[in-house]
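*Asks:* Have a look at this one before I ask anything.
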Amino acid sequence: MSDRSSLFDLSSSTSVSLDQVLQRRDTVEIPVESPLAMPVQPLSFWEGGARRATEVVGDITARRWMVFLATAFMGVAGWKATFDTIALGGVTRLEFICLVLLAPLFTALSLWFCTAVAGFVILLGKPKDPLGIDSAKPMPKLRARTAILMPVHNEDATAVFARLRAMDASIAETSNSRAFDIFILSDTRDAAVALAEQACFARFRREANSAVFYRVRQENKGRKAGNIADWVARWGSAYEHMLVLDADSLMTGDAMVRLADAMERHPGAGLIQTMPMLINGQTIFARTLQFATRLYGRVAWTGLAWWSGSESSFWGHNAIVRTRAFAETCGLPSLDGPKPFGGEVMSHDALESALLRRGGWSVHLAPYLEGSYEESPSNLLDFATRDRRWCRGNVQHIPLVALPGLHWLSRMHLVIGVLSYVLSPLWFMALSAGVVSRLLMPSLKKAAFTMADLQAAAHALIDWSEIQATAWAMIITFILLFGPKILGSILVFSRPAEIKGFGGRRRIAAGLGVEMLLSALVAPMLMFTQTRALIEILAGKVGGWATQRRDADKVTGQEAFRAMGWISVTGLVLATLFWFTPDLLTSTAPILAGLILAVPLTMLGAHKAAGLRLKANGLFMTPEERRPPAIVRAALGPVCEPPARWFARDGRTTPAAEVAEQNAA
C-alpha cells in the first residue's frame with residue numbers, strides 16, 4: 001500500500017451491511033473483560049456539600065479574590081463609561097434595558113481579560129507546574145496501567161489510525177509501551193467506514209508497540225459519554241487511568257507519560273486536562289484559528305489554571321482521568337423533562353468534572369505541558385454546526401447549576417458555559433434596544449448623505465461631553481476585547497526563539513492585525529447564528545449527531561448563501577434603513593460590515609488554496625508549522641513508512657527506531 005487512501009479503498013468497493021461487519025471477528029480483538037461498577041449518580045439529592053479535595057494548589061483563595069475584584073473593577077469601569085454615553089439627556093426605558101443587558105457582557109469580557117493578565121504576568125517569570133509536570137526532568141518509568149481511549153463515529157479511518165500509529169511510536173520512544181493499552185471505541189454506523197476501520201486496525205495491531213484493541217458497540221447509547229461508560233463497565237478495573245482522546249486528537253508520548261506519572265504521584269487527582277494546540281490548518285478560517293490560539297490562548301489558559309486550581313474543568317478530550325474516580329462519581333442519568341433540558345446529557349465533560357470534584361477528587365489543568373494537539377473545523381459553516389451542538393449541551397446545564405453538593409466554582413464553570421451562548425442574544429437585544437432608542441430620540445435629525453446636510457447635522461448634534469464619554473467607552477471595550485491578544489503578542493516578542501518560530505516580528509504584527517480584523521467581522525455573524533440556534537433549541541428544534549467534516553476545502557456560493565444569506569440580507573436592510581441617520585450608521589458600521597460580508601467571508605474562509613498561499617508567504621505561521629514536531633510529521637507521513645523513523649530523524653537513534661528500520665529492511 002503506497003498511500004493512505006489505499007487502506008480505505010481496500011474495503012469501500014464491497015457492499016456490506018453493518019451487521020455483517022460486526023460479525024467479522026477475525027479482525028476484531030478485545031481483551032478479557034475486567035468489569036468496574038459505574039452506578040448512575042443521584043443528581044437531585046446529595047448529602048452535604050462537595051468533599052474536600054486532597055490536592056490543593058497554593059493560596060487559591062487569595063488568587064480568586066484578586067481576579068474577581070479586578071474583574072468587578074474592569075466590568076464596572078466599562079459599564080460606567082457606556083452609561084455616561086447613554087445617560088446624557090436622561091435615560092429612557094429602552095436605554096435602561098440596554099444598560100441592564102450590557103452588564104453581563106462587560107462582566108464576562110472583564111473576567112476573560114483579567115484572567116489573561118494573570119496568565120501574562122505568570123508567563124513573564126519562570127512558572128512551575130503545580131503538579132510537578134516538567135518535561136525537562138528525566139523520563140519517568142510508569143508503574144500503573146493506562147488505557148488510551150479513541151472514540152470514533154463515522155470518521156476517516158486512515159487519518160484516525162495514522163494518528164494512533166504516531167502516538168504508539170512516540171510512546172515507544174519513552175520505553176513505556178507496556179504501561180499503555182490502546183482502545184479504538186467505535187460507534188460507527190456506516191458499514192463501509194466500519195469495514196475500513198477493521199482493515200486499518202488489522203495492520204495497526206501487527207505494527208503496534210503497545211497492546212491495541214478495537215470494539216464496535218452494538219447500540220450507540222449516550223453518544224461519546226455512553227461509549228466511554230461502556231468501556232469503564234467492561235474493562236475499567238484493569239486500568240488505573242484512562243487517557244481520553246477525540247478522533248482528531250494527537251499527543252506525544254512524553255506528554256502522555258508525564259500525565260500518567262502525575263496521576264501516580266498525586267493519588268487525590270481525579271483528572272488533568274491539557275491545552276491542545278491547533279494543527280494542520282489549511283483553509284484561511286482554520287489557519288486564523290490556529291494562529292490566534294497559539295499566539296494568545298496560553299495567557300488565558302495559564303491564568304485560568306492559576307485561579308481555578310483543583311476546581312478546574314474538563315474539555316472531554318486530551319485529558320487523563322482516574323478510572324476508579326470516574327466510575328464512582330460520573331455515571332450520568334437520562335435527564336427528566338422535554339428537550340432541550342431532558343434526555344441524554346449532551347455536554348457531558350463539564351458536568352463530569354463537577355461530579356468528580358463533588359466526590360472529593362481534584363480536577364486540574366496542565367498549563368505548561370506541551371505535546372497536546374487537535375484540529376479545528378475548516379470553515380465557518382462547520383464551526384457553526386459544532387457551535388450549535390455545544391450550545392444545546394450548555395443550555396441543558398441551566399437547571400444543573402443548582403445540583404446539590406457541587407463546589408461553588410464548579411457551578412461557576414457551568415454558568416460560564418451557559419453564558420458563552422447566552423451572551424450573543426443579550427448583545428443582540430442590547431443593540432436592538434439601543435438602535436430603537438436612538439431612532440426615537442426627538443432631537444435626532446435624519447439627515448441624508450449629502451455633504452451640506454451632513455455638516456448641518458454635525459453642527460446641530462455635536463456634544464463634546466458625549467464624544468468624551470463615547471471615547472472612554474470605546475477604549476475600555478477595545479482593551480477588554482483585544483487586550484489578551486495584545487498581551488499574547490507581547491509575550492512572544494519577549495522571546496527571541498518564538499519570534500523566529502512565528503516568522504518574525506513583521507509577520508506576527510501582520511497576522512495579529514488581520515486576525516483582529518477578521519474576528520471583529522465574524523463576531524456579528526456569530527451573534528446572529530448563536531442567537532438563532534438558542535431560539536430554535538429552546539423551541540425544541542434539536543439537531544442530530546453529525547460527523548464533523550475535518551478536511552472540507554471549499555464552500556460553494558450556494559452553500560454559503562443558504563446558510564448565511566439571511567445574515568447578509570439583514571445587514572443590507574439595516575444599512576439601508578440607517579442611511580438617513582448618519583450617526584447611527586457610523587456607530588454600527590463595524591457590525592453592519594460583518595453582517596453584509598457574511599456570505600463572501602464564509603466562502604473566503606473556506607478557501608484552501610488561498611490559505612496555502614498565506615502559509616507560503618508566512619502569514620499566520622506558527623512554530624509547529626515552521627518546525628513540525630516529530631509526532632505531527634509521523635501522523636501526516638505515508639502509511640507505508642514506520643512512524644518511528646520520524647522520531648529518529650529528530651537526531652535520536654532509539655531502540656524503537658532501530659527495530660522499525662530492521663523490520664522495514
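Each chain in the C-alpha cells gets a letter, A, B and so on, in the order shown; residues start at 1 in every chain, and ligands are counted from 1 in the order they appear.
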I'd like to know which residues of stretch 64-185 of chain A are strand (DSSP E or B) (by DSSP, run on the backbone); could you write them as a list in words?
*Replies:*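 Strand (DSSP E or B) members of stretch 64-185 of chain A, listed: Thr146, Ala147, Ile148, Leu149, Met150, Pro151, Val152, Phe180, Asp181, Ile182, Phe183, Ile184 and Leu185 of chain A.
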*Asks:* Excluding A:Ile320 and residues on its chain fewer than 3 positions from it, collect all residues at most 8 Å away from it, counting only C-alpha atoms, and give them as a PyMOL selection string.
*Replies:* chain A and resi 241-244+259-260+271-273
*Asks:* Those same residues - C-alpha atoms - I'd like them written as an mmCIF file, in the first residue's frame.
*Replies:*
```cif
data_model
loop_
_atom_site.group_PDB
_atom_site.id
_atom_site.type_symbol
_atom_site.label_atom_id
_atom_site.label_comp_id
_atom_site.auth_asym_id
_atom_site.auth_seq_id
_atom_site.Cartn_x
_atom_site.Cartn_y
_atom_site.Cartn_z
ATOM 1 C CA HIS A 241 -6.130 5.713 34.381
ATOM 2 C CA MET A 242 -7.786 6.369 31.052
ATOM 3 C CA LEU A 243 -6.474 8.954 28.638
ATOM 4 C CA VAL A 244 -9.481 10.195 26.670
ATOM 5 C CA LEU A 259 0.372 12.926 32.717
ATOM 6 C CA ALA A 260 0.261 9.322 33.906
ATOM 7 C CA LEU A 271 -8.488 14.477 36.205
ATOM 8 C CA ILE A 272 -5.755 16.503 34.472
ATOM 9 C CA GLN A 273 -6.734 18.470 31.367
#
```
*Asks:* Identify which of the residues A:Leu250, A:Val415, A:Ile184, A:Ala116 lies closest to A:Trp307, counting only C-alpha atoms when measuring atom-to-atom distances.
*Replies:* A:Ala116
*Asks:* Using only C-alpha atoms, which of the listed residues (A:Val573, A:Ala593, A:Leu538, A:Leu440) sits closest to A:Pro340?
*Replies:*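 Smallest distance to A:Pro340 is found for A:Leu538.
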*Asks:* What lies within 9 Å of stretch 359-369 of chain A using only C-alpha atoms, ignoring chain neighbours under 4 positions off, as a VMD selection string?
*Replies:* chain A and resid 50 to 56 127 to 131 133 to 135 255 258 to 259 268 to 275 298 301 to 306 308 to 314 325 328 to 329 353 to 355 405 to 406
*Asks:* Out of A:Leu512, A:Ala523, A:Ala247, A:Met263, which residue has the shortest atom-to-atom distance to A:Ile490 when counting only C-alpha atoms?
*Replies:*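 Residue with the minimum atom-to-atom distance to A:Ile490: A:Leu512.
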*Asks:* Within 10 Å of A:Gln558, counting only C-alpha atoms, which residues show up once you throw out same-chain ones fewer than 4 positions away? Write them as a JSON list (two decimals) with C-alpha atoms, in the first residue's frame, please.
*Replies:*
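Ended up saving to part04.json:
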```json
[["chain", "number", "residue", "atom", "x", "y", "z"],
["A", 562, "ARG", "CA", -28.25, 29.03, 2.02],
["A", 563, "ALA", "CA", -26.59, 29.11, 5.44],
["A", 564, "MET", "CA", -25.54, 32.76, 5.76],
["A", 565, "GLY", "CA", -27.58, 34.64, 3.17],
["A", 599, "VAL", "CA", -21.62, 35.16, 2.60],
["A", 603, "MET", "CA", -16.62, 31.41, 1.13]]
```
*Asks:* When distances are computed from only C-alpha atoms, which of A:Ser437, A:Ile479, A:Val418, A:Phe120 shows the smallest separation from A:Gly90?
*Replies:*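 Using only C-alpha atoms, the shortest distance to A:Gly90 belongs to A:Ser437.
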*Asks:* Neighbouring residues of A:Thr622 were defined as those with any atom within 10 Å, considering only C-alpha atoms; residues of the same chain fewer than 6 positions away were excluded. Please report them as a PyMOL selection string.
*Replies:* chain A and resi 278-279+287+290-295+498-503+508+615+628
*Asks:* Using DSSP on the backbone coordinates, identify all residues within stretch 192-404 of chain A classified as alpha helix (DSSP H); present the result as a short mmCIF file (atom, residue, chain, number, x, y, z; two decimals) with N, CA and C atoms, in the first residue's frame.
*Replies:*
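The result, written out as part-v8.cif:
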```cif
data_model
loop_
_atom_site.label_atom_id
_atom_site.label_comp_id
_atom_site.auth_asym_id
_atom_site.auth_seq_id
_atom_site.Cartn_x
_atom_site.Cartn_y
_atom_site.Cartn_z
N ALA A 192 -19.36 0.72 5.40
CA ALA A 192 -18.10 0.87 4.67
C ALA A 192 -17.02 1.46 5.57
N VAL A 193 -17.39 2.45 6.38
CA VAL A 193 -16.41 3.04 7.30
C VAL A 193 -15.98 2.03 8.35
N ALA A 194 -16.95 1.25 8.87
CA ALA A 194 -16.61 0.24 9.88
C ALA A 194 -15.67 -0.80 9.31
N LEU A 195 -15.89 -1.19 8.06
CA LEU A 195 -15.00 -2.17 7.42
C LEU A 195 -13.61 -1.58 7.22
N ALA A 196 -13.55 -0.30 6.86
CA ALA A 196 -12.26 0.37 6.73
C ALA A 196 -11.55 0.44 8.07
N GLU A 197 -12.29 0.71 9.14
CA GLU A 197 -11.69 0.72 10.48
C GLU A 197 -11.06 -0.62 10.80
N GLN A 198 -11.76 -1.70 10.48
CA GLN A 198 -11.23 -3.03 10.79
C GLN A 198 -10.00 -3.34 9.96
N ALA A 199 -9.99 -2.91 8.69
CA ALA A 199 -8.81 -3.12 7.86
C ALA A 199 -7.61 -2.36 8.41
N CYS A 200 -7.83 -1.12 8.79
CA CYS A 200 -6.75 -0.31 9.37
C CYS A 200 -6.28 -0.89 10.69
N PHE A 201 -7.23 -1.37 11.50
CA PHE A 201 -6.87 -1.94 12.79
C PHE A 201 -6.02 -3.19 12.62
N ALA A 202 -6.36 -4.03 11.63
CA ALA A 202 -5.61 -5.27 11.42
C ALA A 202 -4.14 -4.97 11.17
N ARG A 203 -3.88 -3.94 10.38
CA ARG A 203 -2.49 -3.56 10.12
C ARG A 203 -1.85 -2.92 11.34
N PHE A 204 -2.58 -2.04 12.01
CA PHE A 204 -2.04 -1.35 13.18
C PHE A 204 -1.66 -2.36 14.26
N ARG A 205 -2.48 -3.38 14.46
CA ARG A 205 -2.21 -4.37 15.50
C ARG A 205 -0.90 -5.10 15.23
N ARG A 206 -0.59 -5.35 13.95
CA ARG A 206 0.65 -6.06 13.63
C ARG A 206 1.88 -5.20 13.90
N GLU A 207 1.73 -3.86 13.79
CA GLU A 207 2.89 -2.97 13.90
C GLU A 207 3.07 -2.38 15.30
N ARG A 223 -24.12 8.48 23.18
CA ARG A 223 -23.09 9.11 22.37
C ARG A 223 -21.70 8.85 22.96
N LYS A 224 -20.83 9.87 22.98
CA LYS A 224 -19.46 9.65 23.45
C LYS A 224 -19.44 9.27 24.92
N ALA A 225 -20.25 9.95 25.74
CA ALA A 225 -20.27 9.63 27.17
C ALA A 225 -20.67 8.18 27.39
N GLY A 226 -21.67 7.70 26.63
CA GLY A 226 -22.08 6.31 26.75
C GLY A 226 -21.02 5.36 26.25
N ASN A 227 -20.27 5.78 25.23
CA ASN A 227 -19.18 4.96 24.70
C ASN A 227 -18.10 4.75 25.76
N ILE A 228 -17.71 5.85 26.44
CA ILE A 228 -16.69 5.75 27.49
C ILE A 228 -17.24 4.95 28.67
N ALA A 229 -18.49 5.19 29.05
CA ALA A 229 -19.09 4.46 30.17
C ALA A 229 -19.14 2.97 29.90
N ASP A 230 -19.42 2.58 28.66
CA ASP A 230 -19.43 1.16 28.30
C ASP A 230 -18.05 0.54 28.49
N TRP A 231 -17.00 1.28 28.10
CA TRP A 231 -15.65 0.77 28.29
C TRP A 231 -15.34 0.62 29.78
N VAL A 232 -15.68 1.62 30.58
CA VAL A 232 -15.43 1.56 32.03
C VAL A 232 -16.12 0.34 32.63
N ALA A 233 -17.37 0.11 32.27
CA ALA A 233 -18.12 -1.01 32.84
C ALA A 233 -17.54 -2.35 32.44
N ARG A 234 -16.90 -2.45 31.28
CA ARG A 234 -16.41 -3.74 30.79
C ARG A 234 -14.93 -3.98 31.12
N TRP A 235 -14.11 -2.93 31.09
CA TRP A 235 -12.66 -3.14 31.27
C TRP A 235 -12.02 -2.19 32.28
N GLY A 253 4.25 11.01 23.18
CA GLY A 253 4.48 10.04 24.24
C GLY A 253 4.97 10.70 25.51
N ASP A 254 5.81 11.73 25.37
CA ASP A 254 6.30 12.46 26.54
C ASP A 254 5.14 13.04 27.33
N ALA A 255 4.18 13.68 26.64
CA ALA A 255 3.04 14.28 27.33
C ALA A 255 2.20 13.21 28.03
N MET A 256 1.93 12.10 27.36
CA MET A 256 1.10 11.06 27.95
C MET A 256 1.78 10.41 29.15
N VAL A 257 3.06 10.17 29.04
CA VAL A 257 3.79 9.55 30.16
C VAL A 257 3.82 10.48 31.36
N ARG A 258 4.05 11.76 31.12
CA ARG A 258 4.14 12.70 32.25
C ARG A 258 2.77 12.93 32.89
N LEU A 259 1.70 12.86 32.12
CA LEU A 259 0.37 12.93 32.72
C LEU A 259 0.12 11.72 33.60
N ALA A 260 0.46 10.53 33.11
CA ALA A 260 0.26 9.32 33.91
C ALA A 260 1.13 9.34 35.16
N ASP A 261 2.36 9.85 35.03
CA ASP A 261 3.25 9.96 36.18
C ASP A 261 2.67 10.92 37.22
N ALA A 262 2.10 12.04 36.78
CA ALA A 262 1.49 12.99 37.71
C ALA A 262 0.32 12.35 38.46
N MET A 263 -0.46 11.54 37.77
CA MET A 263 -1.56 10.84 38.44
C MET A 263 -1.04 9.85 39.48
N GLU A 264 0.07 9.20 39.19
CA GLU A 264 0.66 8.27 40.15
C GLU A 264 1.17 9.00 41.38
N ARG A 265 1.77 10.18 41.16
CA ARG A 265 2.35 10.94 42.28
C ARG A 265 1.30 11.69 43.10
N ILE A 284 -8.17 29.40 5.15
CA ILE A 284 -7.94 30.67 5.83
C ILE A 284 -8.59 30.65 7.21
N PHE A 285 -9.81 30.15 7.30
CA PHE A 285 -10.51 30.11 8.58
C PHE A 285 -9.75 29.27 9.60
N ALA A 286 -9.35 28.06 9.20
CA ALA A 286 -8.64 27.18 10.13
C ALA A 286 -7.29 27.75 10.53
N ARG A 287 -6.59 28.38 9.57
CA ARG A 287 -5.28 28.92 9.88
C ARG A 287 -5.38 30.13 10.81
N THR A 288 -6.45 30.90 10.66
CA THR A 288 -6.65 32.04 11.56
C THR A 288 -6.87 31.56 12.98
N LEU A 289 -7.74 30.55 13.16
CA LEU A 289 -7.97 29.99 14.49
C LEU A 289 -6.68 29.42 15.07
N GLN A 290 -5.94 28.71 14.24
CA GLN A 290 -4.70 28.07 14.68
C GLN A 290 -3.69 29.10 15.15
N PHE A 291 -3.53 30.16 14.38
CA PHE A 291 -2.58 31.23 14.73
C PHE A 291 -3.02 31.93 16.01
N ALA A 292 -4.30 32.27 16.11
CA ALA A 292 -4.78 33.00 17.28
C ALA A 292 -4.63 32.17 18.55
N THR A 293 -5.00 30.91 18.48
CA THR A 293 -4.90 30.04 19.67
C THR A 293 -3.45 29.91 20.12
N ARG A 294 -2.56 29.75 19.16
CA ARG A 294 -1.14 29.58 19.51
C ARG A 294 -0.53 30.86 20.04
N LEU A 295 -0.99 32.01 19.50
CA LEU A 295 -0.38 33.28 19.88
C LEU A 295 -0.80 33.74 21.27
N TYR A 296 -2.10 33.69 21.57
CA TYR A 296 -2.54 34.26 22.84
C TYR A 296 -3.38 33.32 23.70
N GLY A 297 -3.68 32.12 23.22
CA GLY A 297 -4.50 31.22 24.02
C GLY A 297 -3.88 30.85 25.35
N ARG A 298 -2.56 30.74 25.36
CA ARG A 298 -1.91 30.26 26.58
C ARG A 298 -1.96 31.28 27.72
N VAL A 299 -2.06 32.60 27.40
CA VAL A 299 -2.12 33.56 28.51
C VAL A 299 -3.42 33.39 29.29
N ALA A 300 -4.53 33.20 28.58
CA ALA A 300 -5.81 32.97 29.26
C ALA A 300 -5.82 31.60 29.93
N TRP A 301 -5.25 30.60 29.25
CA TRP A 301 -5.21 29.24 29.81
C TRP A 301 -4.38 29.21 31.10
N THR A 302 -3.23 29.86 31.10
CA THR A 302 -2.38 29.88 32.30
C THR A 302 -3.07 30.61 33.44
N GLY A 303 -3.70 31.75 33.12
CA GLY A 303 -4.43 32.47 34.17
C GLY A 303 -5.57 31.65 34.73
N LEU A 304 -6.29 30.94 33.87
CA LEU A 304 -7.40 30.10 34.33
C LEU A 304 -6.90 29.00 35.25
N ALA A 305 -5.79 28.36 34.89
CA ALA A 305 -5.21 27.33 35.75
C ALA A 305 -4.78 27.90 37.09
N TRP A 306 -4.29 29.15 37.08
CA TRP A 306 -3.78 29.78 38.30
C TRP A 306 -4.88 30.00 39.32
N TRP A 307 -6.07 30.44 38.87
CA TRP A 307 -7.11 30.73 39.87
C TRP A 307 -8.17 29.65 40.02
N SER A 308 -8.24 28.71 39.06
CA SER A 308 -9.22 27.63 39.24
C SER A 308 -8.65 26.49 40.07
N THR A 323 -9.60 6.22 36.60
CA THR A 323 -10.72 5.37 36.21
C THR A 323 -11.67 5.10 37.36
N ARG A 324 -11.13 4.76 38.52
CA ARG A 324 -11.99 4.45 39.67
C ARG A 324 -12.79 5.67 40.10
N ALA A 325 -12.14 6.84 40.12
CA ALA A 325 -12.83 8.07 40.50
C ALA A 325 -13.96 8.37 39.52
N PHE A 326 -13.68 8.20 38.24
CA PHE A 326 -14.69 8.45 37.22
C PHE A 326 -15.87 7.50 37.37
N ALA A 327 -15.58 6.24 37.62
CA ALA A 327 -16.65 5.24 37.73
C ALA A 327 -17.55 5.51 38.93
N GLU A 328 -16.97 5.92 40.03
CA GLU A 328 -17.78 6.09 41.24
C GLU A 328 -18.52 7.42 41.30
N THR A 329 -18.20 8.37 40.41
CA THR A 329 -18.84 9.69 40.51
C THR A 329 -19.55 10.15 39.23
N HIS A 348 -21.28 16.48 28.27
CA HIS A 348 -21.06 15.68 29.48
C HIS A 348 -19.79 16.08 30.22
N ASP A 349 -18.80 16.65 29.52
CA ASP A 349 -17.48 16.86 30.11
C ASP A 349 -17.51 17.82 31.30
N ALA A 350 -18.15 18.98 31.13
CA ALA A 350 -18.21 19.95 32.24
C ALA A 350 -18.94 19.38 33.44
N LEU A 351 -20.01 18.61 33.20
CA LEU A 351 -20.75 18.01 34.31
C LEU A 351 -19.92 16.93 34.98
N GLU A 352 -19.17 16.15 34.20
CA GLU A 352 -18.34 15.10 34.77
C GLU A 352 -17.26 15.68 35.68
N SER A 353 -16.65 16.79 35.27
CA SER A 353 -15.64 17.41 36.14
C SER A 353 -16.28 17.93 37.42
N ALA A 354 -17.51 18.45 37.32
CA ALA A 354 -18.21 18.93 38.51
C ALA A 354 -18.53 17.78 39.45
N LEU A 355 -18.92 16.63 38.90
CA LEU A 355 -19.24 15.47 39.73
C LEU A 355 -17.99 14.87 40.35
N LEU A 356 -16.89 14.86 39.60
CA LEU A 356 -15.62 14.40 40.17
C LEU A 356 -15.24 15.24 41.38
N ARG A 357 -15.35 16.55 41.22
CA ARG A 357 -14.99 17.44 42.32
C ARG A 357 -15.95 17.29 43.49
N ARG A 358 -17.24 17.07 43.20
CA ARG A 358 -18.21 16.84 44.27
C ARG A 358 -17.85 15.61 45.09
N LEU A 380 -16.39 28.23 8.39
CA LEU A 380 -17.33 28.83 9.32
C LEU A 380 -18.62 28.02 9.44
N LEU A 381 -19.05 27.36 8.38
CA LEU A 381 -20.28 26.57 8.43
C LEU A 381 -20.11 25.38 9.37
N ASP A 382 -18.99 24.67 9.26
CA ASP A 382 -18.76 23.54 10.16
C ASP A 382 -18.56 24.03 11.59
N PHE A 383 -17.91 25.18 11.73
CA PHE A 383 -17.74 25.76 13.07
C PHE A 383 -19.09 26.08 13.69
N ALA A 384 -20.00 26.66 12.90
CA ALA A 384 -21.33 26.99 13.41
C ALA A 384 -22.14 25.74 13.74
N THR A 385 -21.95 24.67 12.96
CA THR A 385 -22.63 23.40 13.24
C THR A 385 -22.17 22.83 14.58
N ARG A 386 -20.85 22.82 14.77
CA ARG A 386 -20.31 22.35 16.06
C ARG A 386 -20.74 23.26 17.19
N ASP A 387 -20.75 24.56 16.93
CA ASP A 387 -21.15 25.54 17.93
C ASP A 387 -22.60 25.31 18.38
N ARG A 388 -23.46 24.98 17.43
CA ARG A 388 -24.87 24.72 17.75
C ARG A 388 -24.99 23.50 18.66
N ARG A 389 -24.20 22.46 18.36
CA ARG A 389 -24.23 21.26 19.20
C ARG A 389 -23.77 21.57 20.62
N TRP A 390 -22.70 22.36 20.73
CA TRP A 390 -22.22 22.76 22.06
C TRP A 390 -23.25 23.66 22.76
N CYS A 391 -23.91 24.51 21.97
CA CYS A 391 -24.93 25.39 22.54
C CYS A 391 -26.03 24.57 23.19
N ARG A 392 -26.49 23.55 22.49
CA ARG A 392 -27.54 22.71 23.05
C ARG A 392 -27.08 22.05 24.35
N GLY A 393 -25.84 21.55 24.36
CA GLY A 393 -25.34 20.91 25.56
C GLY A 393 -25.21 21.86 26.73
N ASN A 394 -24.75 23.09 26.47
CA ASN A 394 -24.60 24.06 27.55
C ASN A 394 -25.94 24.58 28.04
N VAL A 395 -26.91 24.73 27.14
CA VAL A 395 -28.25 25.13 27.57
C VAL A 395 -28.83 24.09 28.53
#
```
*Asks:* Which one of A:Leu409, A:Ala136, A:Met150, A:Ala575 sits closest to A:Thr61 if you count only C-alpha atoms?
*Replies:*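 Checking each of A:Leu409, A:Ala136, A:Met150, A:Ala575 against A:Thr61, counting only C-alpha atoms, the winner is A:Leu409.
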*Asks:* Find, counting only C-alpha atoms, the residue in A:Ala430, A:Val40, A:Met66, A:Val435 that gets nearest to A:Leu102.
*Replies:*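 Closest to A:Leu102 of all the choices is A:Ala430.
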*Asks:* Which residues are close to A:Leu99, i.e. within 12 Å by only C-alpha atoms, leaving aside same-chain residues fewer than 2 positions away? Reply as a PyMOL selection string.
*Replies:* chain A and resi 76+78-87+91-97+101-106+426-427+429-434+437
*Asks:* Could you give me, as JSON, numbers by chain, the residues within 12 Å of A:Gly342, counting only C-alpha atoms and dropping anything in the same chain fewer than 5 positions from it?
*Replies:* {"A": [333, 334, 335, 336, 337, 392, 393, 395, 396, 397, 398, 399, 400, 538, 540, 542]}
*Asks:* Could the residues in this selection be saved with N, CA and C atoms as a compact mmCIF listing (two decimals), in the first residue's frame?
*Replies:*
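Written file, selection_36.txt:
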```
# COMPACT_ATOMS: atom_id res chain seq x y z
N PRO A 333 -27.23 10.01 34.41
CA PRO A 333 -28.59 9.54 34.13
C PRO A 333 -29.16 10.24 32.90
N SER A 334 -30.29 9.76 32.44
CA SER A 334 -31.05 10.48 31.44
C SER A 334 -31.88 11.52 32.19
N LEU A 335 -31.79 12.78 31.77
CA LEU A 335 -32.43 13.87 32.49
C LEU A 335 -33.93 13.89 32.24
N ASP A 336 -34.66 14.23 33.28
CA ASP A 336 -36.12 14.32 33.17
C ASP A 336 -36.54 15.55 32.39
N GLY A 337 -37.74 15.47 31.82
CA GLY A 337 -38.31 16.63 31.15
C GLY A 337 -38.13 16.59 29.64
N ARG A 392 -26.49 23.55 22.49
CA ARG A 392 -27.54 22.71 23.05
C ARG A 392 -27.08 22.05 24.35
N GLY A 393 -25.84 21.55 24.36
CA GLY A 393 -25.34 20.91 25.56
C GLY A 393 -25.21 21.86 26.73
N VAL A 395 -26.91 24.73 27.14
CA VAL A 395 -28.25 25.13 27.57
C VAL A 395 -28.83 24.09 28.53
N GLN A 396 -28.51 22.84 28.28
CA GLN A 396 -29.00 21.76 29.14
C GLN A 396 -28.47 21.87 30.56
N HIS A 397 -27.38 22.63 30.74
CA HIS A 397 -26.78 22.78 32.06
C HIS A 397 -27.51 23.79 32.94
N ILE A 398 -28.44 24.56 32.36
CA ILE A 398 -29.09 25.62 33.14
C ILE A 398 -29.72 25.07 34.43
N PRO A 399 -30.56 24.03 34.37
CA PRO A 399 -31.11 23.51 35.62
C PRO A 399 -30.09 22.75 36.47
N LEU A 400 -28.96 22.32 35.84
CA LEU A 400 -27.96 21.54 36.57
C LEU A 400 -27.06 22.41 37.43
N LEU A 538 -34.35 26.22 22.28
CA LEU A 538 -35.37 26.40 23.32
C LEU A 538 -36.77 26.09 22.81
N GLY A 540 -37.37 23.60 20.98
CA GLY A 540 -37.44 22.16 20.83
C GLY A 540 -36.87 21.61 19.55
N VAL A 542 -33.93 20.41 17.91
CA VAL A 542 -32.58 19.99 18.25
C VAL A 542 -32.00 19.19 17.09
```
*Asks:* For atom CA of A:Ala77 and atom CA of A:Ala520, determine how far apart the two atoms are, in Å to one decimal place.
*Replies:*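 Taking atom CA of A:Ala77 as the start and atom CA of A:Ala520 as the end point, the length is 22.0 Å.
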